[in-house]
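A.B. asks: What follows is my_file20.txt, compact mmCIF, C-alpha atoms.
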```txt
# COMPACT_ATOMS: atom_id res chain seq x y z
CA MET A 1 0.00 0.00 0.00
CA THR A 2 1.29 3.47 -0.91
CA VAL A 3 2.27 5.55 2.12
CA ASP A 4 4.47 8.26 0.54
CA LEU A 5 2.80 11.65 0.51
CA LEU A 6 3.74 12.76 -3.01
CA PRO A 7 2.12 9.84 -4.90
CA LEU A 8 -1.01 10.23 -2.78
CA LEU A 9 -1.19 13.95 -3.56
CA LEU A 10 -0.67 13.26 -7.26
CA ALA A 11 -3.38 10.58 -7.16
CA THR A 12 -5.76 13.05 -5.49
CA ALA A 13 -5.02 15.63 -8.19
CA SER A 14 -5.51 12.97 -10.89
CA GLY A 15 -8.87 11.99 -9.43
CA ALA A 16 -9.91 15.65 -9.42
CA VAL A 17 -8.91 16.08 -13.08
CA VAL A 18 -10.82 12.97 -14.19
CA ALA A 19 -13.95 13.92 -12.24
CA LEU A 20 -13.80 17.51 -13.48
CA LEU A 21 -13.62 16.39 -17.11
CA LEU A 22 -16.39 13.86 -16.60
CA THR A 23 -18.62 16.53 -15.06
CA LEU A 24 -17.93 18.97 -17.88
CA PHE A 25 -18.14 16.65 -20.87
CA GLY A 26 -19.85 13.44 -19.77
CA GLY A 27 -18.48 9.99 -20.57
CA GLY A 28 -14.93 9.29 -21.63
CA GLY A 29 -12.99 10.88 -18.80
CA SER A 30 -12.43 7.69 -16.86
CA VAL A 31 -10.06 6.35 -19.55
CA LEU A 32 -7.57 9.02 -18.50
CA ALA A 33 -7.29 7.55 -15.00
CA VAL A 34 -4.96 4.72 -16.02
CA PRO A 35 -2.47 6.94 -17.94
CA LEU A 36 -2.48 9.46 -15.07
CA LEU A 37 -1.74 6.72 -12.54
CA LEU A 38 1.07 5.33 -14.69
CA TYR A 39 2.79 8.46 -15.93
CA VAL A 40 1.92 11.09 -13.30
CA VAL A 41 1.48 9.19 -10.04
CA GLY A 42 4.23 6.73 -10.95
CA VAL A 43 2.46 3.38 -10.56
CA ALA A 44 4.84 0.82 -12.02
CA ASP A 45 2.49 -2.10 -12.77
CA PRO A 46 -0.21 -1.54 -15.43
CA HIS A 47 -2.43 -4.10 -13.70
CA VAL A 48 -2.32 -2.08 -10.47
CA ALA A 49 -3.20 1.09 -12.40
CA ILE A 50 -6.21 -0.63 -13.96
CA GLY A 51 -7.35 -2.11 -10.63
CA VAL A 52 -7.09 1.22 -8.82
CA SER A 53 -8.77 3.06 -11.69
CA ALA A 54 -11.70 0.61 -11.71
CA ALA A 55 -12.25 1.02 -7.97
CA GLY A 56 -12.09 4.82 -8.18
CA VAL A 57 -14.50 4.93 -11.12
CA ALA A 58 -16.97 2.72 -9.24
CA LEU A 59 -16.95 4.93 -6.14
CA ASN A 60 -17.32 8.14 -8.14
CA ALA A 61 -20.18 6.60 -10.14
CA LEU A 62 -22.00 5.72 -6.92
CA THR A 63 -21.82 9.36 -5.85
CA ALA A 64 -23.34 10.51 -9.14
CA LEU A 65 -25.91 7.70 -9.04
CA ALA A 66 -27.20 8.89 -5.68
CA GLY A 67 -27.93 12.32 -7.13
CA HIS A 68 -29.87 10.92 -10.09
CA ALA A 69 -31.74 8.49 -7.85
CA ARG A 70 -32.95 11.32 -5.62
CA GLY A 71 -34.31 13.04 -8.70
CA GLY A 72 -36.24 9.92 -9.77
CA GLU A 73 -34.43 9.82 -13.11
CA ILE A 74 -33.45 6.12 -13.18
CA ARG A 75 -35.50 3.34 -14.79
CA TRP A 76 -34.50 0.77 -12.22
CA PRO A 77 -35.70 -2.57 -13.73
CA CYS A 78 -33.82 -2.05 -17.00
CA ALA A 79 -30.81 -0.56 -15.21
CA ILE A 80 -30.57 -3.43 -12.72
CA LEU A 81 -30.83 -6.21 -15.33
CA PHE A 82 -28.20 -4.55 -17.53
CA ALA A 83 -25.88 -4.04 -14.55
CA VAL A 84 -26.24 -7.58 -13.15
CA THR A 85 -25.58 -9.38 -16.43
CA GLY A 86 -22.85 -6.87 -17.22
CA ALA A 87 -21.14 -7.50 -13.89
CA ALA A 88 -20.86 -11.19 -14.82
CA GLY A 89 -19.33 -10.15 -18.12
CA ALA A 90 -16.96 -7.74 -16.33
CA TRP A 91 -15.67 -10.60 -14.16
CA ALA A 92 -14.95 -12.70 -17.25
CA GLY A 93 -13.35 -9.77 -19.10
CA SER A 94 -11.15 -8.73 -16.19
CA SER A 95 -10.07 -12.35 -15.62
CA LEU A 96 -8.89 -12.51 -19.22
CA ALA A 97 -7.07 -9.18 -18.89
CA LYS A 98 -5.24 -10.36 -15.76
CA ALA A 99 -3.72 -13.18 -17.79
CA ILE A 100 -2.20 -10.79 -20.36
CA ASP A 101 1.20 -9.14 -19.97
CA GLY A 102 0.78 -5.63 -18.58
CA HIS A 103 2.48 -3.79 -21.45
CA GLN A 104 0.60 -5.79 -24.07
CA LEU A 105 -2.59 -4.93 -22.21
CA LEU A 106 -1.65 -1.24 -22.30
CA LEU A 107 -1.28 -1.41 -26.08
CA ILE A 108 -4.81 -2.83 -26.35
CA PHE A 109 -5.99 -0.25 -23.83
CA ALA A 110 -4.64 2.51 -26.08
CA GLY A 111 -6.89 1.19 -28.82
CA ALA A 112 -9.86 1.39 -26.46
CA MET A 113 -8.92 4.98 -25.61
CA ALA A 114 -8.88 5.85 -29.30
CA ALA A 115 -12.35 4.32 -29.69
CA VAL A 116 -13.62 6.43 -26.77
CA GLY A 117 -12.16 9.59 -28.28
CA LEU A 118 -13.67 8.90 -31.69
CA SER A 119 -17.07 8.10 -30.16
CA MET A 120 -17.05 11.49 -28.44
CA LEU A 121 -16.70 13.21 -31.83
CA ARG A 122 -20.02 11.77 -32.99
CA PRO A 123 -23.08 14.01 -32.52
CA ARG A 124 -25.43 12.89 -29.74
CA PRO A 125 -28.93 14.12 -30.62
CA VAL A 126 -31.52 14.10 -27.85
CA VAL A 127 -34.31 11.87 -29.14
CA GLY A 128 -37.72 12.22 -27.58
CA ARG A 129 -39.32 8.85 -26.99
CA PRO A 130 -41.48 7.21 -24.32
CA GLU A 131 -39.44 5.65 -21.56
CA PRO A 132 -39.56 1.83 -21.58
CA ARG A 133 -40.87 -0.68 -19.09
CA LEU A 134 -38.93 -3.94 -18.78
CA SER A 135 -40.84 -6.87 -20.26
CA TRP A 136 -40.17 -10.59 -20.63
CA ALA A 137 -39.72 -10.11 -24.37
CA MET A 138 -37.16 -7.35 -23.83
CA SER A 139 -35.20 -9.07 -21.05
CA PRO A 140 -32.97 -11.39 -23.15
CA ARG A 141 -31.93 -8.48 -25.36
CA VAL A 142 -31.08 -6.30 -22.36
CA GLY A 143 -29.21 -9.14 -20.64
CA LEU A 144 -27.09 -9.98 -23.68
CA ALA A 145 -26.25 -6.33 -24.28
CA GLY A 146 -25.26 -5.94 -20.64
CA ALA A 147 -23.03 -9.02 -20.71
CA GLY A 148 -21.27 -7.88 -23.88
CA VAL A 149 -20.65 -4.33 -22.69
CA GLY A 150 -19.61 -5.56 -19.24
CA SER A 151 -17.04 -7.91 -20.75
CA ALA A 152 -15.41 -5.04 -22.63
CA ALA A 153 -15.50 -2.73 -19.61
CA GLY A 154 -13.97 -5.41 -17.39
CA PHE A 155 -11.26 -6.27 -19.89
CA PHE A 156 -10.13 -2.67 -20.28
CA GLY A 157 -10.78 -1.68 -16.66
CA ILE A 158 -12.82 1.38 -17.67
CA GLY A 159 -16.25 2.65 -16.68
CA GLY A 160 -17.55 1.87 -20.14
CA GLY A 161 -20.10 4.68 -20.21
CA PHE A 162 -19.44 5.30 -23.91
CA LEU A 163 -20.64 1.70 -24.54
CA ILE A 164 -23.27 1.43 -21.79
CA VAL A 165 -25.34 4.40 -22.94
CA PRO A 166 -25.81 3.25 -26.56
CA GLY A 167 -26.24 -0.34 -25.28
CA LEU A 168 -29.12 0.71 -23.05
CA MET A 169 -30.68 2.83 -25.78
CA ALA A 170 -30.49 0.02 -28.35
CA SER A 171 -31.71 -2.79 -26.09
CA THR A 172 -34.46 -0.93 -24.21
CA GLY A 173 -35.46 2.06 -26.34
CA MET A 174 -34.48 4.56 -23.63
CA SER A 175 -33.92 8.21 -24.44
CA LEU A 176 -30.36 9.54 -24.20
CA ALA A 177 -31.03 11.34 -20.91
CA ALA A 178 -32.57 8.25 -19.29
CA ALA A 179 -29.74 6.01 -20.54
CA GLN A 180 -27.10 8.39 -19.16
CA ALA A 181 -28.73 8.28 -15.72
CA ALA A 182 -29.22 4.49 -15.77
CA SER A 183 -25.68 3.89 -17.01
CA LEU A 184 -24.22 5.03 -13.68
CA LEU A 185 -25.46 1.85 -11.98
CA SER A 186 -23.63 -0.25 -14.56
CA VAL A 187 -20.49 1.88 -14.33
CA ALA A 188 -20.45 1.31 -10.57
CA ALA A 189 -21.19 -2.42 -10.90
CA PHE A 190 -18.61 -3.04 -13.64
CA GLY A 191 -15.94 -1.04 -11.82
CA ALA A 192 -16.57 -2.76 -8.50
CA THR A 193 -16.50 -6.21 -10.12
CA THR A 194 -13.28 -5.48 -11.99
CA ALA A 195 -11.63 -3.97 -8.91
CA GLY A 196 -12.70 -6.94 -6.79
CA ASN A 197 -11.19 -9.36 -9.29
CA TYR A 198 -7.91 -7.41 -9.38
CA ALA A 199 -7.90 -7.14 -5.58
CA LEU A 200 -7.86 -10.94 -5.36
CA SER A 201 -4.48 -10.80 -7.11
CA GLY A 202 -3.20 -7.98 -4.89
CA TRP A 203 -3.46 -5.40 -7.68
CA VAL A 204 -5.54 -2.76 -5.86
CA ASP A 205 -3.85 -0.17 -3.66
CA PRO A 206 -6.42 1.05 -1.07
CA ALA A 207 -4.54 4.26 -0.33
CA LEU A 208 -4.46 5.28 -3.99
CA VAL A 209 -8.15 4.40 -4.36
CA ALA A 210 -8.99 6.63 -1.39
CA ALA A 211 -6.88 9.47 -2.81
CA ILE A 212 -8.53 9.26 -6.23
CA THR A 213 -11.98 9.19 -4.62
CA VAL A 214 -11.29 12.28 -2.51
CA GLY A 215 -9.99 14.07 -5.57
CA GLY A 216 -13.05 12.96 -7.52
CA VAL A 217 -15.41 14.59 -5.00
CA ALA A 218 -13.49 17.86 -5.30
CA GLY A 219 -13.38 17.67 -9.09
CA THR A 220 -17.12 17.05 -9.33
CA ALA A 221 -17.85 20.00 -7.05
CA ALA A 222 -15.63 22.27 -9.15
CA GLY A 223 -17.04 21.00 -12.43
CA LEU A 224 -20.74 21.56 -11.73
CA PRO A 225 -20.68 25.39 -11.89
CA LEU A 226 -18.26 25.30 -14.82
CA ALA A 227 -20.55 22.95 -16.74
CA ARG A 228 -23.41 25.44 -16.38
CA ARG A 229 -21.20 28.22 -17.77
CA LEU A 230 -20.08 26.26 -20.83
CA GLY A 231 -23.47 26.64 -22.49
CA ALA A 232 -23.09 26.88 -26.26
CA ASN A 233 -19.37 26.07 -26.03
CA ALA A 234 -20.01 22.59 -24.63
CA ALA A 235 -19.79 20.95 -28.08
CA LEU A 236 -16.46 22.62 -28.83
CA GLY A 237 -15.13 21.64 -25.41
CA ARG A 238 -16.20 18.03 -25.96
CA THR A 239 -14.42 17.99 -29.32
CA LEU A 240 -11.22 19.34 -27.77
CA PHE A 241 -11.49 16.79 -24.96
CA ALA A 242 -11.87 13.99 -27.52
CA GLY A 243 -8.71 15.25 -29.20
CA LEU A 244 -6.89 15.13 -25.87
CA ILE A 245 -7.96 11.51 -25.37
CA LEU A 246 -6.68 10.60 -28.85
CA ILE A 247 -3.31 12.24 -28.14
CA VAL A 248 -2.99 10.41 -24.81
CA ALA A 249 -3.96 7.15 -26.55
CA ALA A 250 -1.10 7.62 -29.00
CA TYR A 251 1.30 8.35 -26.13
CA VAL A 252 0.19 5.24 -24.21
CA ALA A 253 0.60 3.11 -27.34
CA ILE A 254 4.12 4.44 -27.97
CA ARG A 255 5.17 3.83 -24.35
CA ALA A 256 3.68 0.33 -24.43
CA VAL A 257 5.51 -0.57 -27.65
CA MET A 258 8.79 0.76 -26.27
CA ALA A 259 8.37 -1.41 -23.16
CA LEU A 260 7.71 -4.64 -25.05
```
Now that the file is in, can you turn its structure into structure tokens?
C.D. replies:
Amino acid sequence: MTVDLLPLLLATASGAVVALLLTLFGGGGSVLAVPLLLYVVGVADPHVAIGVSAAGVALNALTALAGHARGGEIRWPCAILFAVTGAAGAWAGSSLAKAIDGHQLLLIFAGAMAAVGLSMLRPRPVVGRPEPRLSWAMSPRVGLAGAGVGSAAGFFGIGGGFLIVPGLMASTGMSLAAAQAASLLSVAAFGATTAGNYALSGWVDPALVAAITVGGVAGTAAGLPLARRLGANAALGRTLFAGLILIVAAYVAIRAVMAL
């Protein structure tokens, strides 16, 4: 467990940055947690960085979930089924990732980062539609979508919001706003499952998780008023953020190749 003050302070700052970006621009920010842990905090093992990142993402998602739950914005039956089947997929995906060499895993992770960045460049129209009710006919479709998305999220050790939201919309017919609220339950479930699996191998540092979580609370608090001020510039900011993710993805890929 990390006890030195400097890495803990850097982890706190990293958690604040990730939470701030997530608050301002929505999904995608959690993929920056692993590079920040590796190249800013100084975590040596990529598996530890992924395990810590997954735990931090899960805790931050629970905080956001509580806010949406109080507002009655979550369609619980669909959200729960997607999260439960996805958690099983996350366990399988993270188990596979644990068996892969850390630097090879980082190279694959860089590809996932690039996919996140490109997905953020796509327009996200708000479609008005009636919110769904879970039915027996819909359940297999929701369960399979959850398992598939959860497997990817567990393998890469990311929140997976950029996959969860369209997965919920496609399998249930939810609107974008409803899917974004419901996705937080899956982000928390997938992150907790992945972190638990990595913890069994000793790849989760509780002190770093706590530092990232504290930083995340501060980053969210700072991001809320800024998000309201963005207004018409939100689309431009999201595009610039996507570009940042693509640049970091290239950097991670180069570092991973050099380490092979």
A.B. asks: Using all atoms listed in the file, determine which residues lie at most 9 Å from range 187-191 of chain A, disregarding the query and same-chain residues fewer than 4 positions distant; provide the list as an MDAnalysis selection string.
C.D. replies: chainID A and resid 51 53:62 65 83:84 86:91 150:151 153:154 157:161 164 183 195:196
A.B. asks: Report, in Å with one decimal, the straight-line distance from CA of Arg255 in chain A to CA of Val116 in chain A.
C.D. replies: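 Going from CA of Arg255 in chain A over to CA of Val116 in chain A covers 19.1 Å.
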A.B. asks: Give me the range 116-216 of chain A side of the contact with range 241-245 of chain A, cut-off 8 Å, one line per residue showing its nearest atom pair and distance in Å at one decimal, counting only C-alpha atoms, sorted by chain and residue number, as a tab-separated table.
C.D. replies:
```
residue	atom	partner	partner_atom	distance
A:Val116	CA	A:Ile245	CA	7.7
A:Gly117	CA	A:Ala242	CA	4.5
A:Leu118	CA	A:Ala242	CA	6.8
A:Met120	CA	A:Ala242	CA	5.8
A:Leu121	CA	A:Ala242	CA	6.5
```
A.B. asks: Within 10 Å of (-6.3, 10.6, -5.0) (file coordinates; all atoms listed in the file), which protein or nucleic acid residues are there? I'd like them as a tab-separated table (two decimals) with C-alpha atoms, keeping the file's coordinate frame.
C.D. replies:
```tsv
chain	number	residue	atom	x	y	z
A	7	PRO	CA	2.12	9.84	-4.90
A	8	LEU	CA	-1.01	10.23	-2.78
A	9	LEU	CA	-1.19	13.95	-3.56
A	10	LEU	CA	-0.67	13.26	-7.26
A	11	ALA	CA	-3.38	10.58	-7.16
A	12	THR	CA	-5.76	13.05	-5.49
A	13	ALA	CA	-5.02	15.63	-8.19
A	14	SER	CA	-5.51	12.97	-10.89
A	15	GLY	CA	-8.87	11.99	-9.43
A	16	ALA	CA	-9.91	15.65	-9.42
A	37	LEU	CA	-1.74	6.72	-12.54
A	41	VAL	CA	1.48	9.19	-10.04
A	56	GLY	CA	-12.09	4.82	-8.18
A	207	ALA	CA	-4.54	4.26	-0.33
A	208	LEU	CA	-4.46	5.28	-3.99
A	209	VAL	CA	-8.15	4.40	-4.36
A	210	ALA	CA	-8.99	6.63	-1.39
A	211	ALA	CA	-6.88	9.47	-2.81
A	212	ILE	CA	-8.53	9.26	-6.23
A	213	THR	CA	-11.98	9.19	-4.62
A	214	VAL	CA	-11.29	12.28	-2.51
A	215	GLY	CA	-9.99	14.07	-5.57
A	216	GLY	CA	-13.05	12.96	-7.52
A	217	VAL	CA	-15.41	14.59	-5.00
```
A.B. asks: Restricting the calculation to all atoms listed in the file, which member of A:Ile50, A:Met113, A:Ala256, A:Leu224 is positioned closest to Phe155 in chain A?
C.D. replies: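 The closest residue to Phe155 in chain A is A:Ile50.
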A.B. asks: Need the shell around Leu81 in chain A: protein/DNA/RNA residues with any atom at most 9 Å away, counting only C-alpha atoms. Skip same-chain ones fewer than 4 positions apart. Format as a list of chain:residue names?
C.D. replies: A:Trp76, A:Pro77, A:Thr85, A:Gly86, A:Ser139, A:Val142, A:Gly143, A:Gly146
A.B. asks: Please, what distance in Å, to one decimal, runs between CA of Thr23 in chain A and CA of Gly219 in chain A?
C.D. replies: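 Separating CA of Thr23 in chain A from CA of Gly219 in chain A is a distance of 8.0 Å.
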A.B. asks: Let me make sure I understand: among A:Val248, A:Ile74, A:Val40, A:Leu240, which one has the smallest atom-to-atom distance to Leu24 in chain A if we use only C-alpha atoms?
C.D. replies: A:Leu240
A.B. asks: Under the rule that only C-alpha atoms are counted, which of A:Leu236, A:Leu184, A:Ala218, A:Ile254 is the nearest residue to His68 in chain A?
C.D. replies: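 With only C-alpha atoms as the atom set, the closest residue is A:Leu184.
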A.B. asks: Could you tell me how far CA of Pro166 in chain A lies from CA of Ser119 in chain A, in Å and to one decimal?
C.D. replies: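 Separation between CA of Pro166 in chain A and CA of Ser119 in chain A: 10.6 Å.
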A.B. asks: Provide range 32-49 of chain A rebuilt to N, CA, C and O atoms, formatted as a short mmCIF file (atom, residue, chain, number, x, y, z; two decimals), in the frame of the given file.
C.D. replies:
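And here is the file that came out, result.cif:
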```cif
data_model
loop_
_atom_site.label_atom_id
_atom_site.label_comp_id
_atom_site.auth_asym_id
_atom_site.auth_seq_id
_atom_site.Cartn_x
_atom_site.Cartn_y
_atom_site.Cartn_z
N LEU A 32 -8.81 8.30 -18.82
CA LEU A 32 -7.57 9.02 -18.50
C LEU A 32 -6.99 8.61 -17.16
O LEU A 32 -5.83 8.93 -16.87
N ALA A 33 -7.76 7.90 -16.34
CA ALA A 33 -7.29 7.55 -15.00
C ALA A 33 -6.07 6.64 -15.06
O ALA A 33 -5.10 6.84 -14.31
N VAL A 34 -6.09 5.66 -15.94
CA VAL A 34 -4.96 4.72 -16.02
C VAL A 34 -3.68 5.43 -16.48
O VAL A 34 -2.63 5.27 -15.84
N PRO A 35 -3.70 6.22 -17.57
CA PRO A 35 -2.47 6.94 -17.94
C PRO A 35 -1.98 7.89 -16.84
O PRO A 35 -0.77 8.01 -16.63
N LEU A 36 -2.89 8.56 -16.14
CA LEU A 36 -2.48 9.46 -15.07
C LEU A 36 -1.80 8.68 -13.94
O LEU A 36 -0.78 9.11 -13.40
N LEU A 37 -2.34 7.53 -13.60
CA LEU A 37 -1.74 6.72 -12.54
C LEU A 37 -0.36 6.22 -12.96
O LEU A 37 0.57 6.17 -12.14
N LEU A 38 -0.21 5.87 -14.22
CA LEU A 38 1.07 5.33 -14.69
C LEU A 38 2.14 6.40 -14.84
O LEU A 38 3.27 6.26 -14.36
N TYR A 39 1.78 7.51 -15.49
CA TYR A 39 2.79 8.46 -15.93
C TYR A 39 2.86 9.73 -15.09
O TYR A 39 3.82 10.49 -15.22
N VAL A 40 1.88 9.95 -14.22
CA VAL A 40 1.92 11.09 -13.30
C VAL A 40 2.16 10.63 -11.87
O VAL A 40 3.09 11.10 -11.20
N VAL A 41 1.34 9.69 -11.42
CA VAL A 41 1.48 9.19 -10.04
C VAL A 41 2.72 8.32 -9.91
O VAL A 41 3.38 8.30 -8.87
N GLY A 42 3.04 7.57 -10.98
CA GLY A 42 4.23 6.73 -10.95
C GLY A 42 3.98 5.28 -10.60
O GLY A 42 4.90 4.57 -10.17
N VAL A 43 2.75 4.79 -10.79
CA VAL A 43 2.46 3.38 -10.56
C VAL A 43 3.23 2.55 -11.59
O VAL A 43 3.15 2.82 -12.79
N ALA A 44 3.96 1.56 -11.13
CA ALA A 44 4.84 0.82 -12.02
C ALA A 44 4.13 -0.28 -12.79
O ALA A 44 4.46 -0.56 -13.95
N ASP A 45 3.15 -0.94 -12.17
CA ASP A 45 2.49 -2.10 -12.77
C ASP A 45 1.19 -1.67 -13.44
O ASP A 45 0.29 -1.13 -12.78
N PRO A 46 1.03 -1.90 -14.76
CA PRO A 46 -0.21 -1.54 -15.43
C PRO A 46 -1.44 -2.20 -14.83
O PRO A 46 -2.53 -1.61 -14.81
N HIS A 47 -1.28 -3.42 -14.33
CA HIS A 47 -2.43 -4.10 -13.70
C HIS A 47 -2.89 -3.36 -12.45
O HIS A 47 -4.09 -3.26 -12.18
N VAL A 48 -1.95 -2.85 -11.66
CA VAL A 48 -2.32 -2.08 -10.47
C VAL A 48 -3.04 -0.80 -10.88
O VAL A 48 -4.05 -0.41 -10.27
N ALA A 49 -2.56 -0.14 -11.93
CA ALA A 49 -3.20 1.09 -12.40
C ALA A 49 -4.64 0.81 -12.83
O ALA A 49 -5.55 1.59 -12.53
#
```
